[in-house]
Amino acid sequence: MNSYTKTYTVTEYGGFTRGIKSYDYQALPKKTFDALEAFILANNTDAVQLLSLSARHSVGKIITAKNYVGLIEMSDGTVIEILPKILGDGITKSDTKRIFLEMLKTLKDVTFKDLNVSNLQTDRLNLLEIFIKMFLDEVTILTKQGLKAAYTPVEANERYFKGKLLASQNIKNNLVDKGRFFVCYEDFNINRPENRLIKSTLRFLRNTTNDARNRQNATRLLTFFDGVEYSTNIDSDFSKCFLDRSMSHYSKALSWCRVLLKGNSFTAFAGNEVAIALLFPMEKLFESFVAAKFRRHIGSGVILRTQDVRYSLFDTPVRAFSLRPDIVLEFEGRIVIVDTKWKLLSDDAQNIGISQSDMYQMYAYGKKYKAKRIVLLYPYSDAVNNTNIKYVSNDHVEVDIEFVDLKNPDRSITQLLAKFKMPITV
């Protein structure tokens, strides 16, 4: 990455113009905008879920982020950060990055499990540099534990006979020179696929990073891999990785290699305008985050199910139109249904922004589960003045609207469990 490259940050549903400054949109350099537009057009099925292309008379073309968050690094080194849209008093960009990284920790993915967000310098580093730092920290731990060697097959024309003679190659190469032997043998060394992938990732990140500390650490770590070749076929080397018990300490570093070398966390993209696209759907992130907080704070005797599939909307002639609430809590015969919705509600919107289809869904849950409480759970928004909202039907279905304060989610979840009259572990 060159020293002139820059990071551009927007939140969900924010956008960029092609070099035209605007109150509502950030201006991207024309060359970067054109590369990003080419990326969208080349991936019109997949990328359209991430970014949309439109135009306005006053500013021309606009690229708008959707509800995927993370980062895009362009081939020229420009980094585009897309952060969650979080409303609340005193929420800074650093706070938003920290909250996003805390959410990533809850995904069923070994890569992000052990994030130590408090040490990640979210105020100084963009998301790409944070991910690079996390990988370098993981490789540092690995080198202290020692790189693993393995027997690898070698075919070579040697001065001494060892292993197995390859007759046809020996005749071809040594018909005149009788002092050599073309042989195949096993050599015990650290040039194994796992180490090749890590070394290739280190070189890639050393050339990608724009942070002096990250570049210095990547350069230092490469010296531990002097006896290792760079990977010439990444997919082939990944297929040869074998993580038995003796190799378990490699798992996190290799998970990062897969993310960083493969270049994306969502799908395979066409074109070469984008070097890395690490983007995550906020609906799934929020759902995973809330479920993890409930697991952490529920007390003894509470059964928690996620994505429960016990009931369908219709039962005959076959079970059809399955119901799948995000979280089901059961305690002493009482059932609470919680469905998470990543949406910022507002007093200015019709029904404060709650969709009619979501309410149909909650009504069906109430009928099928005979739940004591049904809850629609949203991120806290300071655009809603009244946070004590309940909808009640004449046939005894009640839906509560609740909020999670993402600056203090543990307190929000324990308060909810107290409302549900369920035991709490602090």
# chains A, B, ... in the order shown; residues from 1 in each chain; ligands from 1
>>> residues_around(residues="Asp235 of chain A", least_positions_apart="5", cutoff="10 Å", atoms="only C-alpha atoms", output="PyMOL selection string")
chain A and resi 197+240+258+261-262
>>> write_last_selection(atoms="N, CA, C and O atoms", output="short mmCIF file (atom, residue, chain, number, x, y, z; two decimals), in the first residue's frame")
data_model
loop_
_atom_site.label_atom_id
_atom_site.label_comp_id
_atom_site.auth_asym_id
_atom_site.auth_seq_id
_atom_site.Cartn_x
_atom_site.Cartn_y
_atom_site.Cartn_z
N LEU A 197 1.30 -21.28 3.57
CA LEU A 197 0.15 -20.37 3.56
C LEU A 197 0.38 -19.19 4.50
O LEU A 197 0.06 -18.04 4.16
N LYS A 240 -4.44 -29.53 1.56
CA LYS A 240 -3.45 -30.44 2.16
C LYS A 240 -3.24 -30.19 3.65
O LYS A 240 -2.49 -30.92 4.30
N ARG A 258 -7.12 -18.03 5.52
CA ARG A 258 -8.23 -18.30 4.60
C ARG A 258 -9.01 -17.02 4.32
O ARG A 258 -9.39 -16.73 3.19
N LEU A 261 -6.22 -14.40 2.46
CA LEU A 261 -5.73 -14.80 1.14
C LEU A 261 -6.86 -15.03 0.15
O LEU A 261 -6.73 -14.73 -1.03
N LYS A 262 -7.98 -15.56 0.63
CA LYS A 262 -9.11 -15.79 -0.26
C LYS A 262 -9.82 -14.48 -0.57
O LYS A 262 -10.60 -14.40 -1.50
#
>>> residues_around(residues="segment 290-307 of chain A", least_positions_apart="2", cutoff="9 Å", atoms="only C-alpha atoms", output="count of residues only")
29
>>> atom_distance(atom1="atom CA of Ser75 of chain A", atom2="atom CA of Asn126 of chain A")
16.7 Å
>>> residues_around(residues="Thr92 of chain A", least_positions_apart="4", cutoff="12 Å", atoms="only C-alpha atoms", output="PyMOL selection string")
chain A and resi 11+83-88+96-99+122-123+407
>>> write_last_selection(atoms="all heavy atoms", output="compact mmCIF listing (two decimals), in the first residue's frame")
# COMPACT_ATOMS: atom_id res chain seq x y z
N THR A 11 -21.27 4.84 7.27
CA THR A 11 -22.10 3.88 8.00
C THR A 11 -23.08 3.24 7.02
O THR A 11 -23.19 3.67 5.86
CB THR A 11 -22.87 4.56 9.15
OG1 THR A 11 -23.64 5.64 8.61
CG2 THR A 11 -21.91 5.09 10.20
N LEU A 83 -19.33 0.91 8.51
CA LEU A 83 -19.57 0.63 9.92
C LEU A 83 -21.07 0.54 10.20
O LEU A 83 -21.88 1.11 9.47
CB LEU A 83 -18.95 1.72 10.79
CG LEU A 83 -17.43 1.89 10.69
CD1 LEU A 83 -16.96 3.03 11.58
CD2 LEU A 83 -16.71 0.60 11.06
N PRO A 84 -21.46 -0.17 11.27
CA PRO A 84 -22.88 -0.22 11.64
C PRO A 84 -23.40 1.18 11.96
O PRO A 84 -22.67 2.03 12.47
CB PRO A 84 -22.90 -1.10 12.89
CG PRO A 84 -21.60 -1.81 12.91
CD PRO A 84 -20.61 -0.94 12.20
N LYS A 85 -24.67 1.40 11.67
CA LYS A 85 -25.30 2.67 12.04
C LYS A 85 -25.87 2.51 13.43
O LYS A 85 -26.87 1.82 13.65
CB LYS A 85 -26.40 3.03 11.03
CG LYS A 85 -26.92 4.45 11.20
CD LYS A 85 -27.82 4.85 10.06
CE LYS A 85 -28.23 6.32 10.18
NZ LYS A 85 -29.08 6.74 9.05
N ILE A 86 -25.23 3.15 14.40
CA ILE A 86 -25.62 3.03 15.81
C ILE A 86 -25.93 4.43 16.33
O ILE A 86 -25.10 5.34 16.23
CB ILE A 86 -24.50 2.37 16.63
CG1 ILE A 86 -24.23 0.95 16.11
CG2 ILE A 86 -24.86 2.33 18.11
CD1 ILE A 86 -23.01 0.29 16.71
N LEU A 87 -27.11 4.59 16.88
CA LEU A 87 -27.53 5.88 17.42
C LEU A 87 -27.49 5.86 18.93
O LEU A 87 -27.84 4.86 19.56
CB LEU A 87 -28.94 6.23 16.95
CG LEU A 87 -29.14 6.43 15.44
CD1 LEU A 87 -30.57 6.86 15.16
CD2 LEU A 87 -28.18 7.46 14.88
N GLY A 88 -27.09 6.97 19.53
CA GLY A 88 -27.04 7.09 20.98
C GLY A 88 -26.17 8.26 21.37
O GLY A 88 -25.37 8.76 20.56
N THR A 96 -18.15 2.69 17.65
CA THR A 96 -18.85 1.89 16.65
C THR A 96 -17.99 0.73 16.19
O THR A 96 -18.47 -0.41 16.07
CB THR A 96 -19.24 2.77 15.45
OG1 THR A 96 -20.05 3.85 15.89
CG2 THR A 96 -20.01 1.97 14.41
N LYS A 97 -16.70 0.97 15.96
CA LYS A 97 -15.79 -0.11 15.56
C LYS A 97 -15.67 -1.15 16.66
O LYS A 97 -15.68 -2.36 16.40
CB LYS A 97 -14.41 0.45 15.21
CG LYS A 97 -14.30 0.94 13.78
CD LYS A 97 -12.86 1.16 13.36
CE LYS A 97 -12.42 2.56 13.64
NZ LYS A 97 -11.12 2.87 13.02
N ARG A 98 -15.58 -0.68 17.90
CA ARG A 98 -15.46 -1.61 19.04
C ARG A 98 -16.71 -2.49 19.14
O ARG A 98 -16.61 -3.71 19.34
CB ARG A 98 -15.25 -0.82 20.33
CG ARG A 98 -15.12 -1.69 21.57
CD ARG A 98 -15.00 -0.86 22.84
NE ARG A 98 -16.13 0.06 22.99
CZ ARG A 98 -17.33 -0.32 23.42
NH1 ARG A 98 -17.58 -1.59 23.71
NH2 ARG A 98 -18.30 0.56 23.55
N ILE A 99 -17.88 -1.89 19.00
CA ILE A 99 -19.14 -2.65 19.08
C ILE A 99 -19.21 -3.68 17.95
O ILE A 99 -19.58 -4.84 18.16
CB ILE A 99 -20.35 -1.69 19.03
CG1 ILE A 99 -20.41 -0.87 20.32
CG2 ILE A 99 -21.65 -2.46 18.83
CD1 ILE A 99 -21.35 0.32 20.26
N THR A 122 -8.77 0.87 18.34
CA THR A 122 -9.79 1.19 17.35
C THR A 122 -9.81 2.66 16.96
O THR A 122 -10.33 3.03 15.92
CB THR A 122 -11.19 0.78 17.85
OG1 THR A 122 -11.42 1.39 19.13
CG2 THR A 122 -11.30 -0.72 17.99
N ASP A 123 -9.24 3.51 17.81
CA ASP A 123 -9.21 4.93 17.47
C ASP A 123 -8.10 5.24 16.47
O ASP A 123 -8.18 6.22 15.71
CB ASP A 123 -9.01 5.78 18.73
CG ASP A 123 -7.78 5.38 19.54
OD1 ASP A 123 -7.33 4.22 19.39
OD2 ASP A 123 -7.27 6.21 20.30
N LYS A 407 -24.00 0.20 23.74
CA LYS A 407 -22.87 0.65 24.55
C LYS A 407 -22.79 -0.12 25.86
O LYS A 407 -21.73 -0.21 26.48
CB LYS A 407 -22.99 2.15 24.84
CG LYS A 407 -22.61 3.04 23.68
CD LYS A 407 -22.42 4.49 24.10
CE LYS A 407 -21.08 4.69 24.79
NZ LYS A 407 -20.81 6.13 25.07
>>> residues_around(residues="Asp395 of chain A", least_positions_apart="2", cutoff="12 Å", atoms="only C-alpha atoms", output="PDB file with all heavy atoms, in the first residue's frame")
ATOM      1  N   TYR A 363     -47.339 -12.663  15.692  1.00  0.00           N
ATOM      2  CA  TYR A 363     -48.673 -13.172  15.989  1.00  0.00           C
ATOM      3  C   TYR A 363     -48.698 -14.700  15.826  1.00  0.00           C
ATOM      4  O   TYR A 363     -49.259 -15.420  16.658  1.00  0.00           O
ATOM      5  CB  TYR A 363     -49.695 -12.513  15.067  1.00  0.00           C
ATOM      6  CG  TYR A 363     -51.123 -12.901  15.351  1.00  0.00           C
ATOM      7  CD1 TYR A 363     -51.870 -12.245  16.338  1.00  0.00           C
ATOM      8  CD2 TYR A 363     -51.734 -13.929  14.634  1.00  0.00           C
ATOM      9  CE1 TYR A 363     -53.180 -12.609  16.602  1.00  0.00           C
ATOM     10  CE2 TYR A 363     -53.046 -14.301  14.888  1.00  0.00           C
ATOM     11  CZ  TYR A 363     -53.764 -13.637  15.872  1.00  0.00           C
ATOM     12  OH  TYR A 363     -55.066 -14.005  16.140  1.00  0.00           O
ATOM     13  N   GLY A 366     -47.022 -16.334  18.728  1.00  0.00           N
ATOM     14  CA  GLY A 366     -47.878 -16.322  19.912  1.00  0.00           C
ATOM     15  C   GLY A 366     -48.898 -17.436  19.888  1.00  0.00           C
ATOM     16  O   GLY A 366     -49.159 -18.088  20.916  1.00  0.00           O
ATOM     17  N   LYS A 367     -49.500 -17.681  18.728  1.00  0.00           N
ATOM     18  CA  LYS A 367     -50.517 -18.718  18.608  1.00  0.00           C
ATOM     19  C   LYS A 367     -49.919 -20.114  18.735  1.00  0.00           C
ATOM     20  O   LYS A 367     -50.469 -20.995  19.396  1.00  0.00           O
ATOM     21  CB  LYS A 367     -51.251 -18.581  17.262  1.00  0.00           C
ATOM     22  CG  LYS A 367     -52.223 -17.410  17.211  1.00  0.00           C
ATOM     23  CD  LYS A 367     -53.334 -17.582  18.237  1.00  0.00           C
ATOM     24  CE  LYS A 367     -54.384 -16.507  18.149  1.00  0.00           C
ATOM     25  NZ  LYS A 367     -55.413 -16.660  19.193  1.00  0.00           N
ATOM     26  N   LYS A 370     -47.834 -20.496  22.288  1.00  0.00           N
ATOM     27  CA  LYS A 370     -48.571 -20.107  23.502  1.00  0.00           C
ATOM     28  C   LYS A 370     -47.608 -19.469  24.512  1.00  0.00           C
ATOM     29  O   LYS A 370     -47.573 -19.812  25.701  1.00  0.00           O
ATOM     30  CB  LYS A 370     -49.289 -21.309  24.124  1.00  0.00           C
ATOM     31  CG  LYS A 370     -50.366 -21.905  23.209  1.00  0.00           C
ATOM     32  CD  LYS A 370     -51.042 -23.100  23.851  1.00  0.00           C
ATOM     33  CE  LYS A 370     -52.207 -23.588  22.994  1.00  0.00           C
ATOM     34  NZ  LYS A 370     -51.807 -24.011  21.632  1.00  0.00           N
ATOM     35  N   TYR A 391     -48.007  -4.152  22.090  1.00  0.00           N
ATOM     36  CA  TYR A 391     -49.172  -4.318  21.213  1.00  0.00           C
ATOM     37  C   TYR A 391     -49.972  -5.518  21.711  1.00  0.00           C
ATOM     38  O   TYR A 391     -49.401  -6.582  21.984  1.00  0.00           O
ATOM     39  CB  TYR A 391     -48.735  -4.546  19.764  1.00  0.00           C
ATOM     40  CG  TYR A 391     -48.077  -3.330  19.147  1.00  0.00           C
ATOM     41  CD1 TYR A 391     -46.699  -3.130  19.254  1.00  0.00           C
ATOM     42  CD2 TYR A 391     -48.826  -2.385  18.458  1.00  0.00           C
ATOM     43  CE1 TYR A 391     -46.087  -2.021  18.691  1.00  0.00           C
ATOM     44  CE2 TYR A 391     -48.225  -1.258  17.892  1.00  0.00           C
ATOM     45  CZ  TYR A 391     -46.860  -1.093  18.009  1.00  0.00           C
ATOM     46  OH  TYR A 391     -46.263   0.016  17.457  1.00  0.00           O
ATOM     47  N   VAL A 392     -51.303  -5.358  21.848  1.00  0.00           N
ATOM     48  CA  VAL A 392     -52.166  -6.399  22.412  1.00  0.00           C
ATOM     49  C   VAL A 392     -53.349  -6.629  21.485  1.00  0.00           C
ATOM     50  O   VAL A 392     -53.997  -5.676  21.032  1.00  0.00           O
ATOM     51  CB  VAL A 392     -52.687  -5.984  23.810  1.00  0.00           C
ATOM     52  CG1 VAL A 392     -53.537  -7.109  24.418  1.00  0.00           C
ATOM     53  CG2 VAL A 392     -51.526  -5.624  24.735  1.00  0.00           C
ATOM     54  N   SER A 393     -53.618  -7.915  21.183  1.00  0.00           N
ATOM     55  CA  SER A 393     -54.802  -8.259  20.392  1.00  0.00           C
ATOM     56  C   SER A 393     -55.895  -8.790  21.317  1.00  0.00           C
ATOM     57  O   SER A 393     -55.619  -9.233  22.434  1.00  0.00           O
ATOM     58  CB  SER A 393     -54.453  -9.313  19.329  1.00  0.00           C
ATOM     59  OG  SER A 393     -54.211 -10.572  19.938  1.00  0.00           O
ATOM     60  N   VAL A 397     -52.880 -12.189  22.294  1.00  0.00           N
ATOM     61  CA  VAL A 397     -51.486 -12.176  21.832  1.00  0.00           C
ATOM     62  C   VAL A 397     -50.906 -10.806  22.164  1.00  0.00           C
ATOM     63  O   VAL A 397     -51.463  -9.781  21.784  1.00  0.00           O
ATOM     64  CB  VAL A 397     -51.383 -12.445  20.318  1.00  0.00           C
ATOM     65  CG1 VAL A 397     -49.925 -12.295  19.857  1.00  0.00           C
ATOM     66  CG2 VAL A 397     -51.891 -13.842  19.982  1.00  0.00           C
ATOM     67  N   GLU A 398     -49.795 -10.817  22.897  1.00  0.00           N
ATOM     68  CA  GLU A 398     -49.149  -9.571  23.297  1.00  0.00           C
ATOM     69  C   GLU A 398     -47.711  -9.563  22.771  1.00  0.00           C
ATOM     70  O   GLU A 398     -46.980 -10.538  22.921  1.00  0.00           O
ATOM     71  CB  GLU A 398     -49.130  -9.428  24.819  1.00  0.00           C
ATOM     72  CG  GLU A 398     -50.513  -9.373  25.451  1.00  0.00           C
ATOM     73  CD  GLU A 398     -50.447  -9.182  26.960  1.00  0.00           C
ATOM     74  OE1 GLU A 398     -49.326  -8.934  27.475  1.00  0.00           O
ATOM     75  OE2 GLU A 398     -51.499  -9.292  27.617  1.00  0.00           O
TER      76      GLU A 398
END
>>> select_by_dssp(residues="segment 116-225 of chain A", states="strand (DSSP E or B)", output="list in words")
Ala150, Tyr151, Thr152, Pro153, Val154, Glu155, Ala156, Asn157, Glu158, Lys164, Leu165, Phe181, Phe182, Val183, Cys184, Tyr185, Glu186, Asp187, Phe188 and Asn189 of chain A
>>> closest_residue(among="A:Ala35, A:Ile337, A:Ile132, A:Cys257", to="Met74 of chain A", atoms="only C-alpha atoms")
A:Ala35
>>> residues_around(residues="Leu254 of chain A", least_positions_apart="2", cutoff="9 Å", atoms="only C-alpha atoms", output="PyMOL selection string")
chain A and resi 111+194+197-198+238+250-252+256-259
>>> residues_around(residues="Ser200 of chain A", least_positions_apart="3", cutoff="9 Å", atoms="only C-alpha atoms", output="MDAnalysis selection string")
chainID A and resid 195:197 203:205 229:231 234 257 261
>>> residues_around(residues="Ala150 of chain A", least_positions_apart="3", cutoff="10 Å", atoms="only C-alpha atoms", output="list in words")
Pro153, Glu186, Asp187, Phe188, Asn189, Ile190, Asn191, Arg192 and Pro193 of chain A
>>> select_by_dssp(residues="segment 85-280 of chain A", states="alpha helix (DSSP H)", output="PyMOL selection string")
chain A and resi 93-104+127-145+167-174+193-208+212-222+234-240+251-262
>>> closest_residue(among="A:Asn351, A:Thr387, A:Asn233, A:Ser246", to="Ala149 of chain A", atoms="only C-alpha atoms")
A:Ser246
>>> closest_residue(among="A:Leu125, A:Ser255, A:Lys390, A:Ala275", to="Asp109 of chain A", atoms="only C-alpha atoms")
A:Ser255
>>> decode(residues="segment 224-346 of chain A", atoms="C-alpha atoms", output="compact mmCIF listing (two decimals), in the first residue's frame")
# COMPACT_ATOMS: atom_id res chain seq x y z
CA PHE A 224 11.00 -17.32 11.11
CA PHE A 225 9.93 -18.87 7.77
CA ASP A 226 13.31 -18.81 5.97
CA GLY A 227 13.13 -22.55 5.22
CA VAL A 228 9.62 -22.27 3.78
CA GLU A 229 8.60 -21.59 0.18
CA TYR A 230 5.78 -19.25 -0.79
CA SER A 231 2.57 -21.00 -1.77
CA THR A 232 2.21 -21.38 -5.55
CA ASN A 233 -1.29 -22.85 -5.33
CA ILE A 234 -3.31 -21.55 -2.39
CA ASP A 235 -6.34 -23.81 -2.91
CA SER A 236 -4.14 -26.89 -3.21
CA ASP A 237 -2.21 -26.02 -0.03
CA PHE A 238 -5.44 -25.43 1.90
CA SER A 239 -6.68 -28.87 0.81
CA LYS A 240 -3.45 -30.44 2.16
CA CYS A 241 -3.68 -28.83 5.62
CA PHE A 242 -4.10 -31.45 8.33
CA LEU A 243 -4.80 -30.09 11.80
CA ASP A 244 -4.47 -33.02 14.20
CA ARG A 245 -3.94 -32.57 17.93
CA SER A 246 -0.27 -31.68 17.47
CA MET A 247 -1.24 -28.93 15.01
CA SER A 248 -4.19 -27.45 16.91
CA HIS A 249 -2.23 -24.26 17.70
CA TYR A 250 -2.21 -23.51 13.93
CA SER A 251 -6.01 -23.35 13.61
CA LYS A 252 -6.53 -19.63 14.33
CA ALA A 253 -3.65 -18.45 12.13
CA LEU A 254 -4.87 -20.62 9.26
CA SER A 255 -8.42 -19.33 9.69
CA TRP A 256 -7.01 -15.82 9.19
CA CYS A 257 -5.02 -17.02 6.16
CA ARG A 258 -8.23 -18.30 4.60
CA VAL A 259 -10.01 -14.98 5.21
CA LEU A 260 -7.13 -12.77 4.05
CA LEU A 261 -5.73 -14.80 1.14
CA LYS A 262 -9.11 -15.79 -0.26
CA GLY A 263 -10.03 -12.12 -0.05
CA ASN A 264 -13.64 -12.19 1.12
CA SER A 265 -15.99 -13.43 3.81
CA PHE A 266 -19.19 -13.41 1.76
CA THR A 267 -18.76 -14.88 -1.71
CA ALA A 268 -16.31 -15.16 -4.60
CA PHE A 269 -16.15 -11.96 -6.64
CA ALA A 270 -15.14 -11.39 -10.25
CA GLY A 271 -12.70 -8.76 -11.44
CA ASN A 272 -9.46 -7.39 -10.03
CA GLU A 273 -10.62 -3.95 -8.85
CA VAL A 274 -11.07 -5.19 -5.26
CA ALA A 275 -8.18 -6.81 -3.37
CA ILE A 276 -10.11 -7.71 -0.20
CA ALA A 277 -13.81 -7.56 0.63
CA LEU A 278 -14.56 -8.54 4.24
CA LEU A 279 -18.25 -7.80 4.67
CA PHE A 280 -20.76 -9.19 7.14
CA PRO A 281 -24.60 -9.04 7.19
CA MET A 282 -25.72 -6.96 10.18
CA GLU A 283 -28.95 -8.94 10.67
CA LYS A 284 -26.92 -12.10 11.35
CA LEU A 285 -24.32 -10.27 13.44
CA PHE A 286 -26.96 -8.69 15.69
CA GLU A 287 -28.83 -11.97 16.08
CA SER A 288 -25.62 -13.84 16.98
CA PHE A 289 -24.55 -11.09 19.41
CA VAL A 290 -27.87 -10.99 21.28
CA ALA A 291 -28.04 -14.80 21.55
CA ALA A 292 -24.50 -14.85 22.99
CA LYS A 293 -25.46 -12.24 25.60
CA PHE A 294 -28.54 -14.25 26.61
CA ARG A 295 -26.41 -17.40 26.95
CA ARG A 296 -23.97 -15.53 29.15
CA HIS A 297 -26.59 -14.16 31.54
CA ILE A 298 -29.34 -16.80 31.83
CA GLY A 299 -29.40 -18.53 35.19
CA SER A 300 -29.72 -22.19 36.14
CA GLY A 301 -32.74 -24.04 34.80
CA VAL A 302 -33.38 -21.81 31.78
CA ILE A 303 -33.42 -23.61 28.41
CA LEU A 304 -32.31 -21.46 25.47
CA ARG A 305 -32.92 -22.49 21.86
CA THR A 306 -31.86 -20.52 18.79
CA GLN A 307 -33.53 -20.82 15.39
CA ASP A 308 -36.11 -23.19 16.88
CA VAL A 309 -37.96 -25.31 14.28
CA ARG A 310 -40.48 -27.25 16.40
CA TYR A 311 -43.53 -25.63 14.85
CA SER A 312 -44.85 -24.80 11.40
CA LEU A 313 -47.59 -22.41 10.42
CA PHE A 314 -49.70 -25.35 9.14
CA ASP A 315 -49.66 -28.96 10.31
CA THR A 316 -51.66 -30.83 7.65
CA PRO A 317 -51.43 -32.39 5.16
CA VAL A 318 -47.70 -31.93 5.88
CA ARG A 319 -45.81 -29.47 8.04
CA ALA A 320 -45.50 -26.38 5.87
CA PHE A 321 -44.17 -22.82 6.27
CA SER A 322 -41.87 -23.52 9.20
CA LEU A 323 -41.63 -21.01 12.03
CA ARG A 324 -38.09 -20.16 13.15
CA PRO A 325 -37.90 -17.67 16.03
CA ASP A 326 -34.40 -16.40 16.75
CA ILE A 327 -34.42 -17.16 20.49
CA VAL A 328 -36.77 -19.29 22.63
CA LEU A 329 -36.37 -19.14 26.43
CA GLU A 330 -38.13 -21.73 28.62
CA PHE A 331 -38.25 -21.76 32.40
CA GLU A 332 -40.67 -23.56 34.73
CA GLY A 333 -43.26 -24.05 32.01
CA ARG A 334 -43.11 -20.44 30.75
CA ILE A 335 -42.00 -19.60 27.22
CA VAL A 336 -40.55 -16.30 25.99
CA ILE A 337 -39.97 -15.72 22.26
CA VAL A 338 -37.36 -13.13 21.23
CA ASP A 339 -36.87 -12.09 17.60
CA THR A 340 -34.00 -9.71 16.84
CA LYS A 341 -34.36 -7.00 14.21
CA TRP A 342 -31.42 -4.89 13.07
CA LYS A 343 -33.32 -1.70 12.38
CA LEU A 344 -33.28 1.77 13.90
CA LEU A 345 -36.81 2.72 14.90
CA SER A 346 -37.94 6.34 14.81
